[in-house]
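Undergrad: What follows is the file work-v5.cif, containing mmCIF, all heavy atoms:
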```
data_structure
loop_
_atom_site.label_atom_id
_atom_site.label_comp_id
_atom_site.auth_asym_id
_atom_site.auth_seq_id
_atom_site.Cartn_x
_atom_site.Cartn_y
_atom_site.Cartn_z
N MET A 291 49.94 0.12 -18.92
CA MET A 291 48.85 -0.41 -19.70
C MET A 291 47.57 -0.35 -18.83
O MET A 291 47.53 -0.90 -17.75
CB MET A 291 49.15 -1.85 -20.08
CG MET A 291 48.21 -2.43 -21.05
SD MET A 291 49.03 -3.84 -21.78
CE MET A 291 47.72 -4.94 -21.82
N PRO A 292 46.52 0.34 -19.30
CA PRO A 292 45.30 0.47 -18.50
C PRO A 292 44.54 -0.87 -18.43
O PRO A 292 44.60 -1.69 -19.34
CB PRO A 292 44.48 1.51 -19.25
CG PRO A 292 45.03 1.57 -20.62
CD PRO A 292 46.45 1.09 -20.54
N ALA A 293 43.85 -1.04 -17.32
CA ALA A 293 43.05 -2.27 -17.12
C ALA A 293 41.83 -2.25 -18.03
O ALA A 293 41.22 -1.20 -18.26
CB ALA A 293 42.62 -2.38 -15.68
N ALA A 294 41.51 -3.40 -18.57
CA ALA A 294 40.35 -3.50 -19.46
C ALA A 294 39.07 -3.40 -18.64
O ALA A 294 38.96 -4.01 -17.57
CB ALA A 294 40.39 -4.80 -20.24
N LYS A 295 38.11 -2.63 -19.11
CA LYS A 295 36.84 -2.49 -18.40
C LYS A 295 35.94 -3.67 -18.70
O LYS A 295 35.90 -4.16 -19.83
CB LYS A 295 36.12 -1.21 -18.82
CG LYS A 295 36.75 0.04 -18.32
CD LYS A 295 35.86 1.22 -18.64
CE LYS A 295 36.42 2.49 -18.07
NZ LYS A 295 35.54 3.61 -18.34
N LYS A 296 35.23 -4.10 -17.69
CA LYS A 296 34.25 -5.18 -17.89
C LYS A 296 33.02 -4.59 -18.55
O LYS A 296 32.60 -3.47 -18.21
CB LYS A 296 33.87 -5.80 -16.56
CG LYS A 296 34.98 -6.57 -15.91
CD LYS A 296 34.48 -7.21 -14.64
CE LYS A 296 35.58 -7.99 -13.97
NZ LYS A 296 35.12 -8.61 -12.73
N PRO A 297 32.44 -5.30 -19.48
CA PRO A 297 31.22 -4.78 -20.08
C PRO A 297 30.08 -4.77 -19.05
O PRO A 297 29.98 -5.68 -18.23
CB PRO A 297 30.92 -5.76 -21.22
CG PRO A 297 31.66 -6.99 -20.88
CD PRO A 297 32.84 -6.58 -20.05
N THR A 298 29.31 -3.71 -19.08
CA THR A 298 28.17 -3.63 -18.14
C THR A 298 27.03 -4.49 -18.66
O THR A 298 26.78 -4.59 -19.86
CB THR A 298 27.69 -2.18 -18.00
OG1 THR A 298 27.31 -1.70 -19.27
CG2 THR A 298 28.78 -1.30 -17.41
N THR A 299 26.37 -5.13 -17.75
CA THR A 299 25.23 -5.98 -18.12
C THR A 299 23.97 -5.40 -17.50
O THR A 299 23.98 -4.93 -16.36
CB THR A 299 25.42 -7.42 -17.63
OG1 THR A 299 25.59 -7.40 -16.21
CG2 THR A 299 26.63 -8.07 -18.26
N CYS A 300 22.93 -5.42 -18.24
CA CYS A 300 21.64 -4.96 -17.74
C CYS A 300 20.89 -6.14 -17.17
O CYS A 300 20.75 -7.17 -17.82
CB CYS A 300 20.82 -4.33 -18.86
SG CYS A 300 21.54 -2.84 -19.51
N ARG A 301 20.44 -5.99 -15.99
CA ARG A 301 19.66 -7.05 -15.36
C ARG A 301 18.19 -6.70 -15.49
O ARG A 301 17.76 -5.60 -15.16
CB ARG A 301 20.02 -7.20 -13.90
CG ARG A 301 21.44 -7.67 -13.72
CD ARG A 301 21.71 -7.95 -12.28
NE ARG A 301 23.12 -8.36 -12.16
CZ ARG A 301 23.67 -8.69 -11.04
NH1 ARG A 301 22.98 -8.65 -9.92
NH2 ARG A 301 24.92 -9.04 -11.00
N ALA A 302 17.46 -7.65 -16.00
CA ALA A 302 16.03 -7.44 -16.14
C ALA A 302 15.37 -7.55 -14.77
O ALA A 302 15.69 -8.43 -13.97
CB ALA A 302 15.43 -8.48 -17.08
N ALA A 303 14.49 -6.62 -14.48
CA ALA A 303 13.79 -6.63 -13.21
C ALA A 303 12.81 -7.80 -13.17
O ALA A 303 12.16 -8.11 -14.16
CB ALA A 303 13.05 -5.32 -13.01
N LYS A 304 12.76 -8.45 -12.02
CA LYS A 304 11.82 -9.56 -11.87
C LYS A 304 10.39 -9.03 -11.84
O LYS A 304 10.12 -8.00 -11.22
CB LYS A 304 12.06 -10.31 -10.57
CG LYS A 304 13.33 -11.09 -10.51
CD LYS A 304 13.36 -11.84 -9.19
CE LYS A 304 14.69 -12.45 -8.91
NZ LYS A 304 14.70 -13.10 -7.59
N LYS A 305 9.51 -9.73 -12.48
CA LYS A 305 8.10 -9.36 -12.39
C LYS A 305 7.57 -9.89 -11.06
O LYS A 305 7.82 -11.04 -10.70
CB LYS A 305 7.31 -9.98 -13.53
CG LYS A 305 7.60 -9.35 -14.86
CD LYS A 305 6.68 -9.88 -15.92
CE LYS A 305 6.95 -9.21 -17.25
NZ LYS A 305 6.07 -9.69 -18.30
N PRO A 306 6.87 -9.05 -10.31
CA PRO A 306 6.35 -9.53 -9.03
C PRO A 306 5.25 -10.57 -9.26
O PRO A 306 4.50 -10.51 -10.22
CB PRO A 306 5.78 -8.27 -8.38
CG PRO A 306 5.55 -7.33 -9.51
CD PRO A 306 6.54 -7.66 -10.57
N THR A 307 5.20 -11.53 -8.36
CA THR A 307 4.16 -12.55 -8.48
C THR A 307 2.83 -11.95 -8.06
O THR A 307 2.77 -11.19 -7.08
CB THR A 307 4.48 -13.76 -7.60
OG1 THR A 307 4.68 -13.32 -6.26
CG2 THR A 307 5.75 -14.47 -8.08
N PRO A 308 1.76 -12.25 -8.78
CA PRO A 308 0.45 -11.67 -8.43
C PRO A 308 -0.09 -12.25 -7.12
O PRO A 308 0.26 -13.37 -6.74
CB PRO A 308 -0.43 -12.04 -9.61
CG PRO A 308 0.25 -13.16 -10.28
CD PRO A 308 1.70 -13.05 -9.97
N CYS A 309 -0.92 -11.50 -6.49
CA CYS A 309 -1.56 -11.91 -5.24
C CYS A 309 -2.43 -13.14 -5.50
O CYS A 309 -3.20 -13.16 -6.47
CB CYS A 309 -2.40 -10.77 -4.68
SG CYS A 309 -3.30 -11.18 -3.18
N PRO A 310 -2.36 -14.17 -4.66
CA PRO A 310 -3.16 -15.37 -4.89
C PRO A 310 -4.66 -15.15 -4.69
O PRO A 310 -5.48 -15.91 -5.21
CB PRO A 310 -2.62 -16.37 -3.88
CG PRO A 310 -1.99 -15.55 -2.81
CD PRO A 310 -1.50 -14.30 -3.50
N ASP A 311 -5.03 -14.10 -3.97
CA ASP A 311 -6.45 -13.87 -3.69
C ASP A 311 -7.13 -12.95 -4.69
O ASP A 311 -8.30 -13.13 -5.01
CB ASP A 311 -6.62 -13.28 -2.29
CG ASP A 311 -6.21 -14.25 -1.21
OD1 ASP A 311 -6.21 -15.47 -1.48
OD2 ASP A 311 -5.90 -13.79 -0.10
N CYS A 312 -6.41 -11.93 -5.21
CA CYS A 312 -7.11 -10.93 -6.01
C CYS A 312 -6.49 -10.66 -7.38
O CYS A 312 -7.20 -10.31 -8.30
CB CYS A 312 -7.16 -9.62 -5.23
SG CYS A 312 -5.54 -8.90 -4.97
N GLN A 313 -5.19 -10.74 -7.55
CA GLN A 313 -4.42 -10.42 -8.76
C GLN A 313 -4.45 -8.94 -9.13
O GLN A 313 -3.68 -8.51 -9.96
CB GLN A 313 -4.88 -11.23 -9.99
CG GLN A 313 -4.33 -12.62 -10.07
CD GLN A 313 -5.09 -13.60 -9.20
OE1 GLN A 313 -6.27 -13.42 -8.96
NE2 GLN A 313 -4.43 -14.61 -8.73
N THR A 314 -5.33 -8.13 -8.56
CA THR A 314 -5.41 -6.72 -8.94
C THR A 314 -5.31 -5.76 -7.76
O THR A 314 -5.08 -4.57 -7.97
CB THR A 314 -6.74 -6.42 -9.66
OG1 THR A 314 -7.81 -6.69 -8.76
CG2 THR A 314 -6.89 -7.22 -10.92
N GLY A 315 -5.50 -6.22 -6.57
CA GLY A 315 -5.47 -5.34 -5.40
C GLY A 315 -6.84 -5.02 -4.85
O GLY A 315 -6.96 -4.46 -3.78
N GLN A 316 -7.89 -5.35 -5.61
CA GLN A 316 -9.25 -5.10 -5.14
C GLN A 316 -10.09 -6.36 -5.28
O GLN A 316 -9.89 -7.15 -6.20
CB GLN A 316 -9.90 -3.97 -5.93
CG GLN A 316 -9.26 -2.63 -5.65
CD GLN A 316 -10.05 -1.51 -6.28
OE1 GLN A 316 -10.90 -1.72 -7.13
NE2 GLN A 316 -9.75 -0.31 -5.87
N VAL A 317 -11.03 -6.53 -4.38
CA VAL A 317 -11.94 -7.67 -4.39
C VAL A 317 -13.37 -7.15 -4.38
O VAL A 317 -13.64 -6.02 -4.00
CB VAL A 317 -11.69 -8.60 -3.19
CG1 VAL A 317 -10.35 -9.28 -3.30
CG2 VAL A 317 -11.81 -7.87 -1.88
N GLN A 318 -14.30 -7.99 -4.79
CA GLN A 318 -15.72 -7.67 -4.74
C GLN A 318 -16.32 -8.32 -3.49
O GLN A 318 -16.02 -9.46 -3.20
CB GLN A 318 -16.43 -8.25 -5.97
CG GLN A 318 -15.98 -7.69 -7.28
CD GLN A 318 -16.75 -6.44 -7.63
OE1 GLN A 318 -17.91 -6.30 -7.27
NE2 GLN A 318 -16.09 -5.55 -8.32
N GLU A 319 -17.13 -7.59 -2.76
CA GLU A 319 -17.78 -8.19 -1.60
C GLU A 319 -19.19 -7.65 -1.47
O GLU A 319 -19.51 -6.56 -1.93
CB GLU A 319 -16.98 -7.96 -0.33
CG GLU A 319 -16.82 -6.54 0.10
CD GLU A 319 -16.00 -6.42 1.38
OE1 GLU A 319 -15.15 -7.27 1.63
OE2 GLU A 319 -16.26 -5.46 2.12
N SER A 320 -20.03 -8.45 -0.85
CA SER A 320 -21.41 -8.03 -0.64
C SER A 320 -21.49 -7.18 0.62
O SER A 320 -20.55 -7.14 1.42
CB SER A 320 -22.31 -9.26 -0.52
OG SER A 320 -21.90 -10.04 0.59
N PHE A 321 -22.61 -6.50 0.80
CA PHE A 321 -22.78 -5.67 1.98
C PHE A 321 -24.21 -5.79 2.45
O PHE A 321 -25.10 -6.21 1.72
CB PHE A 321 -22.40 -4.21 1.71
CG PHE A 321 -23.15 -3.59 0.56
CD1 PHE A 321 -24.28 -2.83 0.79
CD2 PHE A 321 -22.72 -3.76 -0.74
CE1 PHE A 321 -24.97 -2.24 -0.26
CE2 PHE A 321 -23.40 -3.18 -1.79
CZ PHE A 321 -24.53 -2.43 -1.56
N GLN A 322 -24.44 -5.41 3.71
CA GLN A 322 -25.77 -5.53 4.30
C GLN A 322 -26.47 -4.18 4.29
O GLN A 322 -25.85 -3.14 4.49
CB GLN A 322 -25.66 -6.05 5.73
CG GLN A 322 -25.15 -7.47 5.80
CD GLN A 322 -25.11 -7.98 7.22
OE1 GLN A 322 -25.13 -7.22 8.17
NE2 GLN A 322 -25.05 -9.29 7.34
N VAL A 323 -27.79 -4.23 4.05
CA VAL A 323 -28.60 -3.02 4.04
C VAL A 323 -29.81 -3.23 4.93
O VAL A 323 -30.18 -4.36 5.25
CB VAL A 323 -29.08 -2.66 2.61
CG1 VAL A 323 -27.90 -2.30 1.73
CG2 VAL A 323 -29.84 -3.80 1.98
N GLY A 324 -30.42 -2.16 5.34
CA GLY A 324 -31.62 -2.25 6.14
C GLY A 324 -31.42 -1.62 7.51
O GLY A 324 -30.32 -1.55 8.02
N GLY A 325 -32.54 -1.18 8.10
CA GLY A 325 -32.48 -0.53 9.40
C GLY A 325 -32.33 -1.50 10.55
O GLY A 325 -31.31 -1.55 11.21
N ARG A 326 -33.34 -2.31 10.78
CA ARG A 326 -33.30 -3.24 11.91
C ARG A 326 -32.90 -4.64 11.46
O ARG A 326 -32.05 -5.27 12.06
CB ARG A 326 -34.65 -3.30 12.60
CG ARG A 326 -34.99 -2.04 13.31
CD ARG A 326 -36.26 -2.21 14.05
NE ARG A 326 -36.59 -0.99 14.76
CZ ARG A 326 -37.35 -0.95 15.80
NH1 ARG A 326 -37.89 -2.04 16.27
NH2 ARG A 326 -37.59 0.19 16.39
N LYS A 327 -33.59 -5.12 10.46
CA LYS A 327 -33.29 -6.46 9.95
C LYS A 327 -32.31 -6.30 8.79
O LYS A 327 -32.69 -5.93 7.70
CB LYS A 327 -34.54 -7.16 9.43
CG LYS A 327 -35.55 -7.49 10.48
CD LYS A 327 -36.70 -8.19 9.80
CE LYS A 327 -37.71 -8.70 10.75
NZ LYS A 327 -38.80 -9.37 10.04
N LYS A 328 -31.08 -6.57 9.05
CA LYS A 328 -30.06 -6.45 8.00
C LYS A 328 -30.20 -7.61 7.03
O LYS A 328 -30.35 -8.75 7.44
CB LYS A 328 -28.66 -6.49 8.60
CG LYS A 328 -28.38 -5.40 9.60
CD LYS A 328 -28.04 -4.12 8.90
CE LYS A 328 -27.62 -3.09 9.93
NZ LYS A 328 -27.56 -1.78 9.41
N HIS A 329 -30.20 -7.32 5.76
CA HIS A 329 -30.17 -8.38 4.75
C HIS A 329 -29.09 -8.04 3.73
O HIS A 329 -28.75 -6.89 3.51
CB HIS A 329 -31.55 -8.58 4.09
CG HIS A 329 -32.00 -7.41 3.27
ND1 HIS A 329 -32.62 -6.31 3.83
CD2 HIS A 329 -31.91 -7.17 1.94
CE1 HIS A 329 -32.90 -5.44 2.86
NE2 HIS A 329 -32.48 -5.95 1.71
N THR A 330 -28.54 -9.08 3.16
CA THR A 330 -27.44 -8.92 2.22
C THR A 330 -27.98 -8.45 0.88
O THR A 330 -28.90 -9.03 0.32
CB THR A 330 -26.68 -10.24 2.05
OG1 THR A 330 -26.24 -10.67 3.33
CG2 THR A 330 -25.48 -10.08 1.16
N SER A 331 -27.40 -7.40 0.35
CA SER A 331 -27.81 -6.84 -0.93
C SER A 331 -27.31 -7.72 -2.07
O SER A 331 -26.29 -8.41 -1.96
CB SER A 331 -27.22 -5.44 -1.08
OG SER A 331 -27.46 -4.93 -2.36
N ALA A 332 -27.99 -7.69 -3.19
CA ALA A 332 -27.56 -8.42 -4.37
C ALA A 332 -26.42 -7.70 -5.07
O ALA A 332 -25.71 -8.30 -5.87
CB ALA A 332 -28.73 -8.61 -5.33
N ASP A 333 -26.24 -6.41 -4.76
CA ASP A 333 -25.16 -5.63 -5.37
C ASP A 333 -23.83 -5.96 -4.71
O ASP A 333 -23.77 -6.52 -3.63
CB ASP A 333 -25.45 -4.14 -5.22
CG ASP A 333 -26.71 -3.73 -5.96
OD1 ASP A 333 -27.00 -4.34 -7.01
OD2 ASP A 333 -27.39 -2.80 -5.50
N ARG A 334 -22.76 -5.61 -5.39
CA ARG A 334 -21.41 -5.84 -4.87
C ARG A 334 -20.67 -4.51 -4.83
O ARG A 334 -20.97 -3.60 -5.59
CB ARG A 334 -20.64 -6.81 -5.78
CG ARG A 334 -21.36 -8.10 -6.10
CD ARG A 334 -21.44 -9.05 -4.98
NE ARG A 334 -20.24 -9.90 -5.00
CZ ARG A 334 -19.91 -10.67 -3.98
NH1 ARG A 334 -20.64 -10.71 -2.92
NH2 ARG A 334 -18.83 -11.42 -4.05
N GLN A 335 -19.69 -4.41 -3.96
CA GLN A 335 -18.87 -3.20 -3.90
C GLN A 335 -17.40 -3.57 -3.90
O GLN A 335 -17.02 -4.66 -3.51
CB GLN A 335 -19.20 -2.36 -2.68
CG GLN A 335 -18.84 -2.98 -1.36
CD GLN A 335 -19.25 -2.11 -0.19
OE1 GLN A 335 -19.87 -1.07 -0.37
NE2 GLN A 335 -18.89 -2.51 1.00
N GLU A 336 -16.57 -2.63 -4.39
CA GLU A 336 -15.13 -2.85 -4.43
C GLU A 336 -14.57 -2.68 -3.02
O GLU A 336 -14.99 -1.80 -2.28
CB GLU A 336 -14.46 -1.84 -5.35
CG GLU A 336 -14.80 -2.00 -6.81
CD GLU A 336 -14.07 -3.16 -7.44
OE1 GLU A 336 -12.90 -3.38 -7.12
OE2 GLU A 336 -14.69 -3.85 -8.25
N ALA A 337 -13.60 -3.52 -2.67
CA ALA A 337 -12.94 -3.40 -1.38
C ALA A 337 -11.46 -3.68 -1.56
O ALA A 337 -11.04 -4.35 -2.50
CB ALA A 337 -13.55 -4.39 -0.39
N LEU A 338 -10.66 -3.17 -0.65
CA LEU A 338 -9.22 -3.36 -0.68
C LEU A 338 -8.90 -4.79 -0.26
O LEU A 338 -9.45 -5.30 0.72
CB LEU A 338 -8.58 -2.38 0.30
CG LEU A 338 -7.08 -2.31 0.36
CD1 LEU A 338 -6.57 -1.66 -0.92
CD2 LEU A 338 -6.65 -1.47 1.54
N CYS A 339 -8.03 -5.45 -0.98
CA CYS A 339 -7.60 -6.81 -0.64
C CYS A 339 -6.76 -6.76 0.62
O CYS A 339 -5.78 -6.01 0.69
CB CYS A 339 -6.82 -7.43 -1.80
SG CYS A 339 -6.16 -9.06 -1.42
N LEU A 340 -7.11 -7.54 1.62
CA LEU A 340 -6.38 -7.51 2.88
C LEU A 340 -5.12 -8.38 2.86
O LEU A 340 -4.27 -8.25 3.72
CB LEU A 340 -7.30 -7.96 4.02
CG LEU A 340 -8.48 -7.03 4.27
CD1 LEU A 340 -9.35 -7.57 5.38
CD2 LEU A 340 -8.01 -5.63 4.60
N THR A 341 -4.99 -9.24 1.87
CA THR A 341 -3.79 -10.06 1.77
C THR A 341 -2.61 -9.23 1.27
O THR A 341 -1.52 -9.26 1.84
CB THR A 341 -4.02 -11.24 0.81
OG1 THR A 341 -5.15 -11.98 1.28
CG2 THR A 341 -2.82 -12.14 0.74
N CYS A 342 -2.82 -8.47 0.20
CA CYS A 342 -1.72 -7.69 -0.38
C CYS A 342 -1.83 -6.21 -0.08
O CYS A 342 -0.99 -5.42 -0.50
CB CYS A 342 -1.68 -7.90 -1.89
SG CYS A 342 -3.12 -7.27 -2.75
N LEU A 343 -2.86 -5.78 0.62
CA LEU A 343 -3.12 -4.38 0.97
C LEU A 343 -3.20 -3.47 -0.24
O LEU A 343 -2.73 -2.35 -0.25
CB LEU A 343 -2.06 -3.88 1.96
CG LEU A 343 -2.02 -4.62 3.28
CD1 LEU A 343 -0.87 -4.13 4.13
CD2 LEU A 343 -3.33 -4.48 4.03
N GLY A 344 -3.81 -3.99 -1.32
CA GLY A 344 -4.08 -3.18 -2.49
C GLY A 344 -2.97 -3.09 -3.51
O GLY A 344 -3.11 -2.41 -4.52
N THR A 345 -1.85 -3.76 -3.31
CA THR A 345 -0.75 -3.66 -4.28
C THR A 345 -0.93 -4.61 -5.45
O THR A 345 -0.42 -4.35 -6.52
CB THR A 345 0.61 -3.95 -3.62
OG1 THR A 345 0.59 -5.28 -3.10
CG2 THR A 345 0.90 -2.96 -2.51
N GLY A 346 -1.60 -5.74 -5.23
CA GLY A 346 -1.76 -6.73 -6.30
C GLY A 346 -0.59 -7.69 -6.38
O GLY A 346 -0.57 -8.56 -7.24
N GLU A 347 0.40 -7.53 -5.52
CA GLU A 347 1.57 -8.41 -5.51
C GLU A 347 1.49 -9.36 -4.32
O GLU A 347 0.98 -9.01 -3.27
CB GLU A 347 2.85 -7.58 -5.40
CG GLU A 347 3.03 -6.60 -6.54
CD GLU A 347 4.22 -5.68 -6.32
OE1 GLU A 347 4.94 -5.85 -5.32
OE2 GLU A 347 4.42 -4.80 -7.16
N ALA A 348 2.04 -10.56 -4.49
CA ALA A 348 2.04 -11.54 -3.43
C ALA A 348 2.90 -11.05 -2.27
O ALA A 348 3.94 -10.45 -2.47
CB ALA A 348 2.56 -12.87 -3.94
N PRO A 349 2.45 -11.30 -1.04
CA PRO A 349 3.26 -10.89 0.11
C PRO A 349 4.58 -11.67 0.15
O PRO A 349 4.64 -12.83 -0.25
CB PRO A 349 2.40 -11.22 1.32
CG PRO A 349 1.15 -11.83 0.82
CD PRO A 349 1.18 -11.87 -0.66
N THR A 350 5.62 -11.05 0.65
CA THR A 350 6.94 -11.69 0.68
C THR A 350 7.14 -12.55 1.91
O THR A 350 8.07 -13.33 1.95
CB THR A 350 8.05 -10.63 0.63
OG1 THR A 350 7.87 -9.74 1.72
CG2 THR A 350 8.02 -9.87 -0.68
N ASP A 351 6.33 -12.39 2.91
CA ASP A 351 6.51 -13.18 4.15
C ASP A 351 6.05 -14.59 3.97
O ASP A 351 5.08 -14.99 3.62
CB ASP A 351 5.76 -12.53 5.30
CG ASP A 351 6.36 -11.17 5.63
OD1 ASP A 351 7.49 -10.89 5.26
OD2 ASP A 351 5.66 -10.42 6.29
#
```
Please go through the file and, once you have read it, give me the structure as structure tokens.

TA:
Amino acid sequence: MPAAKKPTTCRAAKKPTPCPDCQTGQVQESFQVGGRKKHTSADRQEALCLTCLGTGEAPTD
């Protein structure tokens, strides 16, 4: 008599927790302009999030 097979179960993949600092992997930051006297520009530029290194997921450590 053959052994009965166990039914296979599908495990749903866990959704990664979003990064607490950015949620997307990129942050907005200001930058300085000018030759001698640096002043902060009113414009913003995209930068890589240093907490999650651009993945958008919370670090596991």

Undergrad: Atom CA of Arg334 of chain A and atom CG2 of Thr314 of chain A are how many Å apart?

TA: 15.8 Å

Undergrad: As a list of chain:residue names, please: all residues of chain A that backbone DSSP puts in strand (DSSP E).

TA: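 Residues of chain A classed as strand (DSSP E): A:Gln316, A:Val317, A:Gln318, A:Glu319, A:Gln322, A:Val323, A:His329, A:Thr330, A:Gln335, A:Glu336, A:Ala337, A:Leu338.
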
Undergrad: Please identify all polymer residues within 6 Å of Thr307 of chain A, counting all heavy atoms, omitting same-chain residues fewer than 6 positions from it, and present them as a list in words.

TA: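 Returned residues: Gly346, Glu347 and Ala348 of chain A.
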
Undergrad: Between A:Gln322, A:Lys328, A:Lys304, A:Gly315, which residue has the minimum interatomic distance to Thr345 of chain A, considering all atoms listed in the file?

TA: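 The answer is A:Gly315, which sits nearest to Thr345 of chain A.
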
Undergrad: Which residue is closest to Glu319 of chain A? Choose from A:Ala302, A:Leu338, A:Leu343, A:Ala294 and count only C-alpha atoms.

TA: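 Answer, going by the shortest atom-to-atom distance: A:Leu338.
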
Undergrad: Please, what distance in Å, to one decimal, runs between atom CD of Gln318 of chain A and atom CB of Pro306 of chain A?

TA: 22.6 Å

Undergrad: Using the chain letters and numbers from this file, what does the PyMOL selection byres ((chain A and resi 311) around 4.5) select? Give the answer as a count of residues only.

TA: 6

Undergrad: Which centre and which edge lengths, in Å to one decimal, describe the axis-aligned box that holds all listed atoms of segment 327-332 of chain A after 3 Å is added on each side, as AutoDock Vina command-line options?

TA:
```
--center_x -32.1 --center_y -6.2 --center_z 2.4 --size_x 19.3 --size_y 14.9 --size_z 22.6
```

Undergrad: One decimal, in Å: what's the spacing between atom CA of Lys305 of chain A and atom CA of Glu336 of chain A?

TA: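 Atom CA of Glu336 of chain A lies 25.4 Å from atom CA of Lys305 of chain A.
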